[in-house]
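Trainee: Provided herewith: my_file-v6.cif, mmCIF, C-alpha atoms and all ligand atoms.
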data_data
loop_
_atom_site.group_PDB
_atom_site.id
_atom_site.type_symbol
_atom_site.label_atom_id
_atom_site.label_comp_id
_atom_site.auth_asym_id
_atom_site.auth_seq_id
_atom_site.Cartn_x
_atom_site.Cartn_y
_atom_site.Cartn_z
ATOM 1 C CA MET A 3 3.492 -18.895 26.050
ATOM 2 C CA ARG A 4 6.446 -17.225 27.600
ATOM 3 C CA ILE A 5 6.444 -13.510 27.103
ATOM 4 C CA ILE A 6 9.176 -11.390 28.520
ATOM 5 C CA VAL A 7 8.210 -7.950 29.614
ATOM 6 C CA ILE A 8 11.443 -6.086 29.502
ATOM 7 C CA LEU A 9 11.585 -2.596 30.788
ATOM 8 C CA THR A 10 14.122 -1.671 28.146
ATOM 9 C CA MET A 11 11.545 -0.360 25.744
ATOM 10 C CA LEU A 12 9.863 1.754 28.349
ATOM 11 C CA LEU A 13 12.993 3.251 29.736
ATOM 12 C CA SER A 14 14.910 3.686 26.507
ATOM 13 C CA LEU A 15 12.934 6.798 25.714
ATOM 14 C CA SER A 16 14.279 8.660 28.673
ATOM 15 C CA SER A 17 17.049 6.591 30.112
ATOM 16 C CA PRO A 18 20.551 5.618 29.080
ATOM 17 C CA VAL A 19 20.312 2.540 31.302
ATOM 18 C CA ASN A 20 20.418 -0.588 29.172
ATOM 19 C CA LEU A 21 18.111 -2.981 30.913
ATOM 20 C CA ARG A 22 18.597 -5.581 28.226
ATOM 21 C CA SER A 23 21.790 -6.452 30.054
ATOM 22 C CA LEU A 24 19.652 -7.127 33.094
ATOM 23 C CA ALA A 25 17.572 -9.689 31.201
ATOM 24 C CA VAL A 26 15.248 -7.714 31.974
ATOM 25 C CA HIS A 27 -5.059 -13.084 62.335
ATOM 26 C CA SER A 28 -2.115 -13.755 63.832
ATOM 27 C CA SER A 29 -3.774 -15.616 66.730
ATOM 28 C CA SER A 30 -5.284 -18.047 64.270
ATOM 29 C CA LEU A 31 -1.906 -19.198 63.001
ATOM 30 C CA ARG A 32 -2.030 -22.970 62.993
ATOM 31 C CA PRO A 33 0.972 -24.338 61.124
ATOM 32 C CA ASN A 34 0.963 -28.064 60.665
ATOM 33 C CA ALA A 35 4.349 -29.127 61.998
ATOM 34 C CA GLN A 36 4.310 -32.397 60.046
ATOM 35 C CA SER A 37 3.652 -30.777 56.708
ATOM 36 C CA LYS A 38 6.173 -29.285 54.316
ATOM 37 C CA THR A 39 3.288 -27.450 52.719
ATOM 38 C CA ARG A 40 1.406 -24.626 54.330
ATOM 39 C CA VAL A 41 -1.607 -22.834 52.926
ATOM 40 C CA VAL A 42 -1.865 -19.228 54.061
ATOM 41 C CA LEU A 43 -4.953 -17.130 53.451
ATOM 42 C CA LEU A 44 -3.539 -13.705 52.657
ATOM 43 C CA GLY A 45 -6.901 -12.202 51.781
ATOM 44 C CA THR A 46 -10.365 -13.663 52.173
ATOM 45 C CA GLY A 47 -12.365 -10.672 50.951
ATOM 46 C CA THR A 48 -14.499 -9.752 47.968
ATOM 47 C CA PRO A 49 -14.988 -6.441 46.137
ATOM 48 C CA ASN A 50 -16.608 -5.193 49.369
ATOM 49 C CA ALA A 51 -14.060 -3.025 51.213
ATOM 50 C CA ASP A 52 -14.209 -4.960 54.487
ATOM 51 C CA PRO A 53 -11.389 -3.588 56.666
ATOM 52 C CA ASP A 54 -10.906 -7.023 58.243
ATOM 53 C CA ARG A 55 -10.547 -8.876 54.953
ATOM 54 C CA SER A 56 -7.926 -8.079 52.346
ATOM 55 C CA GLY A 57 -8.664 -8.755 48.705
ATOM 56 C CA PRO A 58 -8.519 -12.351 47.488
ATOM 57 C CA ALA A 59 -5.059 -13.907 47.725
ATOM 58 C CA VAL A 60 -3.855 -17.335 48.861
ATOM 59 C CA ALA A 61 -0.286 -18.529 49.347
ATOM 60 C CA VAL A 62 0.842 -22.130 49.026
ATOM 61 C CA VAL A 63 4.233 -22.266 50.752
ATOM 62 C CA VAL A 64 6.424 -25.324 50.166
ATOM 63 C CA ASN A 65 9.881 -25.592 51.730
ATOM 64 C CA GLU A 66 9.679 -21.840 52.445
ATOM 65 C CA THR A 67 9.046 -21.095 48.764
ATOM 66 C CA PRO A 68 5.860 -19.094 48.208
ATOM 67 C CA TYR A 69 3.392 -19.534 45.360
ATOM 68 C CA VAL A 70 0.729 -16.834 45.524
ATOM 69 C CA ILE A 71 -2.652 -17.140 43.849
ATOM 70 C CA ASP A 72 -4.334 -13.798 43.062
ATOM 71 C CA CYS A 73 -3.323 -10.374 44.268
ATOM 72 C CA GLY A 74 -6.239 -8.531 45.775
ATOM 73 C CA PRO A 75 -5.626 -5.193 47.486
ATOM 74 C CA GLY A 76 -3.419 -5.511 50.563
ATOM 75 C CA VAL A 77 -1.624 -8.634 49.363
ATOM 76 C CA VAL A 78 1.969 -7.642 50.129
ATOM 77 C CA ARG A 79 1.242 -6.317 53.597
ATOM 78 C CA ARG A 80 -0.634 -9.504 54.423
ATOM 79 C CA ALA A 81 2.394 -11.504 53.219
ATOM 80 C CA ALA A 82 4.582 -9.409 55.515
ATOM 81 C CA ALA A 83 2.201 -10.117 58.391
ATOM 82 C CA ALA A 84 2.337 -13.854 57.707
ATOM 83 C CA ALA A 85 6.155 -13.705 57.639
ATOM 84 C CA ARG A 86 6.105 -11.876 60.968
ATOM 85 C CA ASN A 87 3.882 -14.664 62.279
ATOM 86 C CA GLY A 88 6.518 -17.247 61.407
ATOM 87 C CA VAL A 89 5.866 -18.214 57.790
ATOM 88 C CA ASN A 90 9.362 -17.238 56.666
ATOM 89 C CA GLY A 91 8.651 -18.140 53.073
ATOM 90 C CA LEU A 92 6.380 -15.125 52.809
ATOM 91 C CA ASP A 93 9.150 -12.643 53.428
ATOM 92 C CA VAL A 94 8.335 -9.905 50.925
ATOM 93 C CA ALA A 95 11.582 -10.151 48.973
ATOM 94 C CA LYS A 96 10.776 -13.822 48.305
ATOM 95 C CA LEU A 97 7.560 -13.039 46.395
ATOM 96 C CA ARG A 98 8.613 -14.232 42.946
ATOM 97 C CA ARG A 99 5.750 -16.316 41.606
ATOM 98 C CA LEU A 100 2.209 -15.102 41.098
ATOM 99 C CA PHE A 101 -0.714 -17.049 39.650
ATOM 100 C CA ILE A 102 -3.938 -15.309 38.582
ATOM 101 C CA THR A 103 -7.361 -16.968 38.423
ATOM 102 C CA HIS A 104 -9.073 -14.244 36.385
ATOM 103 C CA LEU A 105 -8.788 -10.550 35.734
ATOM 104 C CA HIS A 106 -11.574 -9.160 37.959
ATOM 105 C CA SER A 107 -10.250 -6.102 39.797
ATOM 106 C CA ASP A 108 -10.757 -7.539 43.287
ATOM 107 C CA HIS A 109 -8.263 -10.287 42.340
ATOM 108 C CA THR A 110 -5.760 -8.096 40.519
ATOM 109 C CA SER A 111 -5.740 -4.571 41.915
ATOM 110 C CA GLY A 112 -2.769 -5.564 44.084
ATOM 111 C CA LEU A 113 -0.722 -6.194 40.918
ATOM 112 C CA PRO A 114 1.355 -2.989 41.121
ATOM 113 C CA ASP A 115 1.941 -3.745 44.805
ATOM 114 C CA PHE A 116 3.118 -7.268 43.964
ATOM 115 C CA ILE A 117 5.407 -6.011 41.197
ATOM 116 C CA PHE A 118 6.937 -2.981 42.862
ATOM 117 C CA THR A 119 6.905 -3.353 46.657
ATOM 118 C CA PRO A 120 9.140 -6.470 46.671
ATOM 119 C CA ALA A 121 11.319 -4.837 43.980
ATOM 120 C CA VAL A 122 11.894 -1.814 46.209
ATOM 121 C CA LEU A 123 12.602 -4.202 49.091
ATOM 122 C CA GLU A 124 15.450 -5.737 47.081
ATOM 123 C CA ARG A 125 13.890 -8.786 45.479
ATOM 124 C CA ASP A 126 16.909 -10.065 43.580
ATOM 125 C CA ALA A 127 15.152 -12.121 40.926
ATOM 126 C CA PRO A 128 12.564 -11.571 38.214
ATOM 127 C CA LEU A 129 8.881 -11.870 39.008
ATOM 128 C CA GLU A 130 7.110 -14.674 37.129
ATOM 129 C CA ILE A 131 3.385 -14.131 36.558
ATOM 130 C CA TYR A 132 1.063 -16.859 35.252
ATOM 131 C CA GLY A 133 -2.469 -15.911 34.278
ATOM 132 C CA PRO A 134 -5.190 -16.125 31.654
ATOM 133 C CA PRO A 135 -5.097 -14.224 28.361
ATOM 134 C CA GLY A 136 -5.124 -10.510 29.094
ATOM 135 C CA ILE A 137 -2.650 -10.687 31.983
ATOM 136 C CA LYS A 138 0.197 -9.604 29.706
ATOM 137 C CA ALA A 139 -1.613 -6.472 28.554
ATOM 138 C CA MET A 140 -2.599 -5.670 32.144
ATOM 139 C CA THR A 141 0.997 -6.086 33.333
ATOM 140 C CA ASP A 142 2.384 -4.036 30.449
ATOM 141 C CA HIS A 143 0.007 -1.192 31.278
ATOM 142 C CA VAL A 144 0.888 -1.288 34.977
ATOM 143 C CA ILE A 145 4.606 -1.124 34.207
ATOM 144 C CA LYS A 146 4.061 1.764 31.788
ATOM 145 C CA ALA A 147 2.061 3.591 34.428
ATOM 146 C CA TYR A 148 4.995 3.422 36.835
ATOM 147 C CA VAL A 149 7.794 4.272 34.414
ATOM 148 C CA GLU A 150 8.670 7.507 36.241
ATOM 149 C CA ASP A 151 9.007 5.646 39.537
ATOM 150 C CA ILE A 152 11.108 2.908 37.941
ATOM 151 C CA ASN A 153 13.449 5.473 36.395
ATOM 152 C CA ILE A 154 13.961 7.317 39.668
ATOM 153 C CA ARG A 155 14.604 4.166 41.661
ATOM 154 C CA LEU A 156 16.970 2.520 39.180
ATOM 155 C CA ARG A 157 18.854 5.625 38.037
ATOM 156 C CA GLY A 158 18.958 7.741 41.182
ATOM 157 C CA LEU A 159 20.738 7.451 44.489
ATOM 158 C CA GLU A 160 18.525 4.647 45.752
ATOM 159 C CA PRO A 161 20.383 1.355 46.177
ATOM 160 C CA SER A 162 18.445 -1.075 44.000
ATOM 161 C CA LYS A 163 18.512 -4.522 42.466
ATOM 162 C CA PRO A 164 17.407 -4.067 38.857
ATOM 163 C CA ARG A 165 16.727 -7.788 38.420
ATOM 164 C CA GLY A 166 13.872 -7.417 40.875
ATOM 165 C CA TYR A 167 12.116 -5.073 38.452
ATOM 166 C CA VAL A 168 12.068 -7.654 35.669
ATOM 167 C CA VAL A 169 8.679 -9.251 35.066
ATOM 168 C CA ASN A 170 8.099 -12.338 32.926
ATOM 169 C CA VAL A 171 4.460 -12.899 32.034
ATOM 170 C CA HIS A 172 3.162 -16.307 30.982
ATOM 171 C CA GLU A 173 -0.322 -16.439 29.497
ATOM 172 C CA ILE A 174 -1.690 -19.859 30.390
ATOM 173 C CA LYS A 175 -4.531 -22.139 29.465
ATOM 174 C CA THR A 176 -5.593 -25.335 31.239
ATOM 175 C CA GLY A 177 -3.601 -28.385 32.260
ATOM 176 C CA VAL A 178 -0.114 -28.437 33.755
ATOM 177 C CA ILE A 179 1.140 -24.865 33.588
ATOM 178 C CA TYR A 180 4.092 -24.953 35.986
ATOM 179 C CA ARG A 181 6.399 -27.463 37.602
ATOM 180 C CA ASP A 182 9.470 -27.265 39.836
ATOM 181 C CA GLU A 183 11.020 -29.291 42.660
ATOM 182 C CA ASN A 184 8.250 -28.230 45.076
ATOM 183 C CA VAL A 185 5.041 -28.173 43.071
ATOM 184 C CA THR A 186 3.154 -29.230 40.012
ATOM 185 C CA VAL A 187 0.505 -26.644 39.177
ATOM 186 C CA LYS A 188 -2.533 -27.534 37.104
ATOM 187 C CA THR A 189 -5.344 -25.227 36.066
ATOM 188 C CA PHE A 190 -8.895 -26.044 35.114
ATOM 189 C CA PRO A 191 -11.690 -23.924 33.638
ATOM 190 C CA VAL A 192 -14.480 -22.725 35.917
ATOM 191 C CA LYS A 193 -17.778 -20.996 35.117
ATOM 192 C CA HIS A 194 -17.712 -17.365 36.173
ATOM 193 C CA GLY A 195 -20.573 -15.611 34.410
ATOM 194 C CA SER A 196 -19.507 -13.971 31.185
ATOM 195 C CA TRP A 197 -15.752 -14.310 31.741
ATOM 196 C CA LYS A 198 -14.187 -16.138 28.826
ATOM 197 C CA HIS A 199 -11.189 -17.172 30.913
ATOM 198 C CA ALA A 200 -11.641 -18.039 34.583
ATOM 199 C CA LEU A 201 -9.382 -20.647 36.162
ATOM 200 C CA GLY A 202 -9.213 -22.828 39.230
ATOM 201 C CA PHE A 203 -5.850 -24.129 40.442
ATOM 202 C CA ARG A 204 -4.629 -27.485 41.739
ATOM 203 C CA PHE A 205 -1.267 -27.506 43.538
ATOM 204 C CA GLU A 206 0.377 -30.891 43.992
ATOM 205 C CA THR A 207 3.263 -30.789 46.459
ATOM 206 C CA PRO A 208 5.326 -33.656 47.928
ATOM 207 C CA ASP A 209 2.872 -34.029 50.789
ATOM 208 C CA ARG A 210 -0.413 -32.358 49.873
ATOM 209 C CA VAL A 211 -2.912 -31.499 47.178
ATOM 210 C CA VAL A 212 -4.503 -28.059 47.451
ATOM 211 C CA VAL A 213 -7.306 -26.876 45.174
ATOM 212 C CA ILE A 214 -8.455 -23.274 44.845
ATOM 213 C CA SER A 215 -11.730 -22.549 43.110
ATOM 214 C CA GLY A 216 -11.116 -18.936 42.214
ATOM 215 C CA ASP A 217 -14.428 -17.202 41.547
ATOM 216 C CA CYS A 218 -17.012 -19.517 40.071
ATOM 217 C CA ALA A 219 -20.590 -20.568 39.713
ATOM 218 C CA PRO A 220 -21.011 -24.285 40.452
ATOM 219 C CA SER A 221 -18.422 -26.069 38.294
ATOM 220 C CA ASP A 222 -18.006 -29.836 37.940
ATOM 221 C CA SER A 223 -14.352 -29.151 37.120
ATOM 222 C CA VAL A 224 -13.774 -28.284 40.798
ATOM 223 C CA ILE A 225 -15.090 -31.701 41.830
ATOM 224 C CA GLU A 226 -12.816 -33.437 39.334
ATOM 225 C CA ALA A 227 -9.772 -31.358 40.304
ATOM 226 C CA CYS A 228 -10.238 -31.995 44.020
ATOM 227 C CA ASN A 229 -11.383 -35.634 44.038
ATOM 228 C CA GLY A 230 -10.325 -36.271 47.623
ATOM 229 C CA CYS A 231 -7.755 -33.458 47.787
ATOM 230 C CA ASP A 232 -6.334 -32.388 51.144
ATOM 231 C CA VAL A 233 -7.584 -28.795 51.131
ATOM 232 C CA LEU A 234 -10.289 -27.233 48.966
ATOM 233 C CA ILE A 235 -10.543 -23.458 49.185
ATOM 234 C CA HIS A 236 -13.849 -22.413 47.673
ATOM 235 C CA GLU A 237 -15.770 -19.182 47.237
ATOM 236 C CA VAL A 238 -19.360 -19.000 48.522
ATOM 237 C CA TYR A 239 -22.367 -16.782 49.111
ATOM 238 C CA SER A 240 -25.065 -17.074 51.741
ATOM 239 C CA THR A 241 -28.263 -18.739 50.538
ATOM 240 C CA ALA A 242 -30.271 -16.825 53.174
ATOM 241 C CA GLY A 243 -28.630 -13.514 52.269
ATOM 242 C CA PHE A 244 -29.211 -14.151 48.576
ATOM 243 C CA ALA A 245 -32.972 -14.381 49.143
ATOM 244 C CA ARG A 246 -32.939 -10.735 50.285
ATOM 245 C CA ARG A 247 -31.005 -9.442 47.263
ATOM 246 C CA PRO A 248 -32.753 -7.479 44.473
ATOM 247 C CA PRO A 249 -33.667 -9.574 41.411
ATOM 248 C CA GLU A 250 -31.034 -7.975 39.173
ATOM 249 C CA TRP A 251 -28.314 -8.853 41.700
ATOM 250 C CA GLN A 252 -29.709 -12.368 42.127
ATOM 251 C CA ARG A 253 -29.351 -12.852 38.372
ATOM 252 C CA TYR A 254 -25.747 -11.700 38.567
ATOM 253 C CA HIS A 255 -24.723 -13.700 41.629
ATOM 254 C CA SER A 256 -26.303 -16.951 40.495
ATOM 255 C CA SER A 257 -24.411 -16.730 37.196
ATOM 256 C CA PHE A 258 -21.044 -15.731 38.686
ATOM 257 C CA HIS A 259 -20.874 -17.333 42.129
ATOM 258 C CA THR A 260 -21.757 -20.405 44.238
ATOM 259 C CA SER A 261 -24.367 -20.539 47.005
ATOM 260 C CA SER A 262 -23.786 -22.310 50.298
ATOM 261 C CA LYS A 263 -26.370 -24.887 49.302
ATOM 262 C CA GLU A 264 -24.649 -25.524 45.980
ATOM 263 C CA LEU A 265 -21.233 -25.707 47.646
ATOM 264 C CA ALA A 266 -22.497 -28.326 50.087
ATOM 265 C CA GLY A 267 -23.353 -30.507 47.094
ATOM 266 C CA ILE A 268 -20.024 -29.834 45.396
ATOM 267 C CA ALA A 269 -18.021 -30.620 48.538
ATOM 268 C CA SER A 270 -19.967 -33.846 49.108
ATOM 269 C CA LYS A 271 -18.791 -35.024 45.689
ATOM 270 C CA ALA A 272 -15.276 -33.527 45.843
ATOM 271 C CA ARG A 273 -14.568 -35.047 49.312
ATOM 272 C CA PRO A 274 -11.770 -32.703 50.477
ATOM 273 C CA GLY A 275 -9.982 -33.411 53.745
ATOM 274 C CA LEU A 276 -10.751 -29.809 54.666
ATOM 275 C CA LEU A 277 -13.098 -27.328 53.014
ATOM 276 C CA VAL A 278 -12.135 -23.682 53.570
ATOM 277 C CA LEU A 279 -14.649 -20.956 52.785
ATOM 278 C CA TYR A 280 -13.188 -17.772 51.322
ATOM 279 C CA HIS A 281 -14.464 -14.905 49.154
ATOM 280 C CA GLN A 282 -17.650 -15.078 51.216
ATOM 281 C CA LEU A 283 -20.595 -12.896 50.243
ATOM 282 C CA GLN A 284 -22.479 -12.818 53.507
ATOM 283 C CA TRP A 285 -25.059 -10.017 53.127
ATOM 284 C CA GLY A 286 -25.710 -9.637 56.836
ATOM 285 C CA VAL A 287 -25.298 -13.306 57.699
ATOM 286 C CA THR A 288 -22.516 -14.119 60.177
ATOM 287 C CA PRO A 289 -19.667 -16.480 59.243
ATOM 288 C CA GLU A 290 -21.101 -18.966 61.763
ATOM 289 C CA GLN A 291 -24.514 -18.821 60.106
ATOM 290 C CA LEU A 292 -22.937 -19.337 56.692
ATOM 291 C CA LEU A 293 -21.045 -22.338 58.038
ATOM 292 C CA GLY A 294 -24.363 -23.614 59.347
ATOM 293 C CA GLU A 295 -25.871 -23.312 55.867
ATOM 294 C CA ILE A 296 -23.053 -25.489 54.484
ATOM 295 C CA LYS A 297 -23.394 -28.056 57.241
ATOM 296 C CA GLU A 298 -27.081 -28.551 56.416
ATOM 297 C CA GLY A 299 -25.943 -30.380 53.276
ATOM 298 C CA TYR A 300 -22.338 -31.373 53.963
ATOM 299 C CA SER A 301 -20.987 -33.580 56.704
ATOM 300 C CA GLY A 302 -17.244 -33.122 56.074
ATOM 301 C CA HIS A 303 -14.738 -30.894 57.856
ATOM 302 C CA VAL A 304 -15.380 -27.242 56.949
ATOM 303 C CA VAL A 305 -14.069 -23.943 58.328
ATOM 304 C CA SER A 306 -14.680 -20.282 57.631
ATOM 305 C CA GLY A 307 -11.405 -18.757 56.473
ATOM 306 C CA ASN A 308 -9.983 -15.538 57.886
ATOM 307 C CA ASP A 309 -7.024 -13.490 56.739
ATOM 308 C CA LEU A 310 -3.708 -15.010 57.907
ATOM 309 C CA ASP A 311 -5.178 -18.386 58.745
ATOM 310 C CA VAL A 312 -2.686 -21.170 58.070
ATOM 311 C CA TYR A 313 -3.636 -24.743 57.154
HETATM 312 ZN ZN ZN A 401 -13.896 -11.945 43.219
HETATM 313 ZN ZN ZN A 402 -14.558 -12.656 39.833
#
Using the file provided, produce a representation of the structure as structure tokens.
Mentor:
Amino acid sequence: MRIIVILTMLLSLSSPVNLRSLAVHSSSLRPNAQSKTRVVLLGTGTPNADPDRSGPAVAVVVNETPYVIDCGPGVVRRAAAAARNGVNGLDVAKLRRLFITHLHSDHTSGLPDFIFTPAVLERDAPLEIYGPPGIKAMTDHVIKAYVEDINIRLRGLEPSKPRGYVVNVHEIKTGVIYRDENVTVKTFPVKHGSWKHALGFRFETPDRVVVISGDCAPSDSVIEACNGCDVLIHEVYSTAGFARRPPEWQRYHSSFHTSSKELAGIASKARPGLLVLYHQLQWGVTPEQLLGEIKEGYSGHVVSGNDLDVY
């Protein structure tokens, strides 16, 4: 469903402007020179406020066109860092397409950043957002919250590109939800506790297939979506750390997330060329120890993702 969020309604109360006429780790950088497609981890964190890990966000960059999945806190500054590191497609003004796995705050609290920072930095095109039911209401509320800022920037002395403030929201289900000359994007349902709508994403580009689990408990749909894909980016928690968690948290985590032991089984069936661990709940275990937990049950290529890693 294509829903246009036009600022006209918001601004018409106080503004003569007719927006209807506007239609409304750097050292770890490892670009693959042969590939047109690069996968950039913009944020590998969780709700925990780890200063070394921004909130969950991944960019698939094809022919210097960025497709960003999730917008955890810090997302735009991480994109700017990746651009500074040489991924030109992540120049902030180029951030025009955003895909959301689910509406948990750690995956969406960068939404105002993603809407407004590139707009201020002269994005000269609308922002297209694709996400599960509820993303339209969330976006509408964010835009309403910033109406004073929008008025000042568009009606004051500040040079601005009003088209960059236009947001089109597309509430999506499963299957093919987007296609252009660079990518075909498919979504699939994943189990994430009591969330009614939680999605994984499969990006098919001219040279690669990249699958992103989003947040999920073990889901056969991930295995089917990957099925020998080039890169599988999957969330995980430490099996050893889990054993030390209080029972009420164990109940929560086992319903919402995937243990290292479970992920080893999933990866063995999904057979990715590369398994990347992100959204890691470590609970005192080091990334190396968590990798070790995976390798006990999985013999394929696996790495622990860090912010700004490129694959
Ligand atoms: Zn999360
Ligand atoms: Zn979640």
Trainee: As a VMD selection string, please: every protein or nucleic acid residue near ligand ZN 401 (chain A) (cut-off 9 Å, counting all atoms listed in the file).
Mentor: chain A and resid 47 to 49 57 to 58 74 104 106 to 109 216 to 218 237 259 281
Trainee: Looking at A:Val238, A:Val212, A:Leu105, A:Ala272, which one is nearest to Thr186 in chain A, with distances taken over only C-alpha atoms?
Mentor: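 Under the stated criterion, the closest residue is A:Val212.
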Trainee: Would you pick out the contacts of Gly302 in chain A at 8 Å or less, using all atoms listed in the file, so that residues sharing its chain but fewer than 4 positions from it are not included, and give the list as an MDAnalysis selection string?
Mentor: chainID A and resid 269:270 273:277
Trainee: Please return the centre and edge lengths, in Å to one decimal, of a box with edges along x, y and z that contains all listed atoms of range 185-202 of chain A, widened by 8 Å on every side, as AutoDock Vina command-line options.
Mentor:
--center_x -7.8 --center_y -21.6 --center_z 35.9 --size_x 41.6 --size_y 31.3 --size_z 30.2
Trainee: To verify the selection step, state as a list in words which residues the PyMOL selection byres (((chain A and resi 280) around 7) and not hetatm) yields on this input.
Mentor: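 Residues picked by the PyMOL selection byres (((chain A and resi 280) around 7) and not hetatm): Thr46, Ile235, His236, Glu237, Val238, Val278, Leu279, His281, Gln282, Ser306 and Gly307 of chain A.
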Trainee: Go ahead and compute the interatomic distance for CA of Arg55 in chain A and CA of Ser111 in chain A, in Å to one decimal.
Mentor: 14.5 Å
Trainee: Starting from the shown file, work through the PyMOL selection byres (((chain A and resi 91) around 6) and not hetatm) and note down what comes out as a list in words.
Mentor: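 Selected by the PyMOL selection byres (((chain A and resi 91) around 6) and not hetatm) here: Glu66, Thr67, Pro68, Val89, Asn90, Leu92 and Asp93 of chain A.
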Trainee: Residues as selected, C-alpha atoms, written as an mmCIF file, in the coordinates of the input, can you do that?
Mentor:
data_model
loop_
_atom_site.group_PDB
_atom_site.id
_atom_site.type_symbol
_atom_site.label_atom_id
_atom_site.label_comp_id
_atom_site.auth_asym_id
_atom_site.auth_seq_id
_atom_site.Cartn_x
_atom_site.Cartn_y
_atom_site.Cartn_z
ATOM 1 C CA GLU A 66 9.679 -21.840 52.445
ATOM 2 C CA THR A 67 9.046 -21.095 48.764
ATOM 3 C CA PRO A 68 5.860 -19.094 48.208
ATOM 4 C CA VAL A 89 5.866 -18.214 57.790
ATOM 5 C CA ASN A 90 9.362 -17.238 56.666
ATOM 6 C CA LEU A 92 6.380 -15.125 52.809
ATOM 7 C CA ASP A 93 9.150 -12.643 53.428
#
Trainee: If I take CA of Val144 in chain A and CA of Leu159 in chain A, how far is one from the other in Å, to one decimal?
Mentor: 23.7 Å
Trainee: Determine, counting all atoms listed in the file, which protein, DNA and RNA residues have an atom within 7 Å of an atom of Arg98 in chain A; residues of the same chain fewer than 5 positions away are not included. Present the result as a ChimeraX atom specification.
Mentor: /A:128-130
Trainee: With only C-alpha atoms and all ligand atoms as the basis for distance, which of A:Gly230, A:Pro208, A:Gly286, A:Gly202 is at the shortest distance from ligand ZN 402 (chain A)?
Mentor: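 Between A:Gly230, A:Pro208, A:Gly286, A:Gly202, the residue approaching ligand ZN 402 (chain A) most closely is A:Gly202.
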Trainee: Name the closest residue to Val169 in chain A among the candidates A:Trp197, A:Phe116, A:Phe205, A:Phe190; distances are taken between atoms, counting all atoms listed in the file.
Mentor: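 Closest to Val169 in chain A of all the choices is A:Phe116.
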Trainee: Quick one: residues within 8 Å of Val77 in chain A, only C-alpha atoms, excluding same-chain residues fewer than 2 positions away - as a PyMOL selection string?
Mentor: chain A and resi 44-45+56-57+59+73-75+79-81+112+115-116
Trainee: I'd like to know which of A:Tyr148, A:Tyr313, A:Tyr167, A:Phe244 is closest to Asp126 in chain A, using only C-alpha atoms.
Mentor: A:Tyr167
Trainee: Rounded to one decimal, what separation in Å do you get between CA of Asp311 in chain A and CA of Tyr239 in chain A?
Mentor: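 Atom-to-atom, CA of Asp311 in chain A and CA of Tyr239 in chain A are spaced 19.8 Å apart.
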Trainee: Can you take the partial range 242-255 of chain A, add N, CA and C atoms, and return it as a PDB file, keeping the file's coordinate frame?
Mentor:
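File written: out-v3.pdb
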ATOM      1  N   ALA A 242     -29.271 -17.665  52.487  1.00  0.00           N
ATOM      2  CA  ALA A 242     -30.271 -16.825  53.174  1.00  0.00           C
ATOM      3  C   ALA A 242     -30.113 -15.367  52.759  1.00  0.00           C
ATOM      4  N   GLY A 243     -28.866 -14.894  52.673  1.00  0.00           N
ATOM      5  CA  GLY A 243     -28.630 -13.514  52.269  1.00  0.00           C
ATOM      6  C   GLY A 243     -29.067 -13.263  50.835  1.00  0.00           C
ATOM      7  N   PHE A 244     -28.855 -14.240  49.998  1.00  0.00           N
ATOM      8  CA  PHE A 244     -29.211 -14.151  48.576  1.00  0.00           C
ATOM      9  C   PHE A 244     -30.712 -13.878  48.415  1.00  0.00           C
ATOM     10  N   ALA A 245     -31.515 -14.511  49.257  1.00  0.00           N
ATOM     11  CA  ALA A 245     -32.972 -14.381  49.143  1.00  0.00           C
ATOM     12  C   ALA A 245     -33.418 -12.933  49.354  1.00  0.00           C
ATOM     13  N   ARG A 246     -32.586 -12.138  50.020  1.00  0.00           N
ATOM     14  CA  ARG A 246     -32.939 -10.735  50.285  1.00  0.00           C
ATOM     15  C   ARG A 246     -32.355  -9.779  49.246  1.00  0.00           C
ATOM     16  N   ARG A 247     -31.626 -10.303  48.273  1.00  0.00           N
ATOM     17  CA  ARG A 247     -31.005  -9.442  47.263  1.00  0.00           C
ATOM     18  C   ARG A 247     -32.011  -9.050  46.180  1.00  0.00           C
ATOM     19  N   PRO A 248     -31.852  -7.871  45.571  1.00  0.00           N
ATOM     20  CA  PRO A 248     -32.753  -7.479  44.473  1.00  0.00           C
ATOM     21  C   PRO A 248     -32.610  -8.439  43.300  1.00  0.00           C
ATOM     22  N   PRO A 249     -33.683  -8.586  42.504  1.00  0.00           N
ATOM     23  CA  PRO A 249     -33.667  -9.574  41.411  1.00  0.00           C
ATOM     24  C   PRO A 249     -32.498  -9.405  40.458  1.00  0.00           C
ATOM     25  N   GLU A 250     -32.135  -8.153  40.137  1.00  0.00           N
ATOM     26  CA  GLU A 250     -31.034  -7.975  39.173  1.00  0.00           C
ATOM     27  C   GLU A 250     -29.720  -8.472  39.755  1.00  0.00           C
ATOM     28  N   TRP A 251     -29.537  -8.335  41.067  1.00  0.00           N
ATOM     29  CA  TRP A 251     -28.314  -8.853  41.700  1.00  0.00           C
ATOM     30  C   TRP A 251     -28.376 -10.377  41.844  1.00  0.00           C
ATOM     31  N   GLN A 252     -29.575 -10.900  42.068  1.00  0.00           N
ATOM     32  CA  GLN A 252     -29.709 -12.368  42.127  1.00  0.00           C
ATOM     33  C   GLN A 252     -29.306 -12.999  40.797  1.00  0.00           C
ATOM     34  N   ARG A 253     -29.727 -12.338  39.699  1.00  0.00           N
ATOM     35  CA  ARG A 253     -29.351 -12.852  38.372  1.00  0.00           C
ATOM     36  C   ARG A 253     -27.831 -12.878  38.232  1.00  0.00           C
ATOM     37  N   TYR A 254     -27.209 -11.791  38.671  1.00  0.00           N
ATOM     38  CA  TYR A 254     -25.747 -11.700  38.567  1.00  0.00           C
ATOM     39  C   TYR A 254     -25.068 -12.764  39.434  1.00  0.00           C
ATOM     40  N   HIS A 255     -25.436 -12.803  40.708  1.00  0.00           N
ATOM     41  CA  HIS A 255     -24.723 -13.700  41.629  1.00  0.00           C
ATOM     42  C   HIS A 255     -24.891 -15.169  41.242  1.00  0.00           C
TER      43      HIS A 255
END
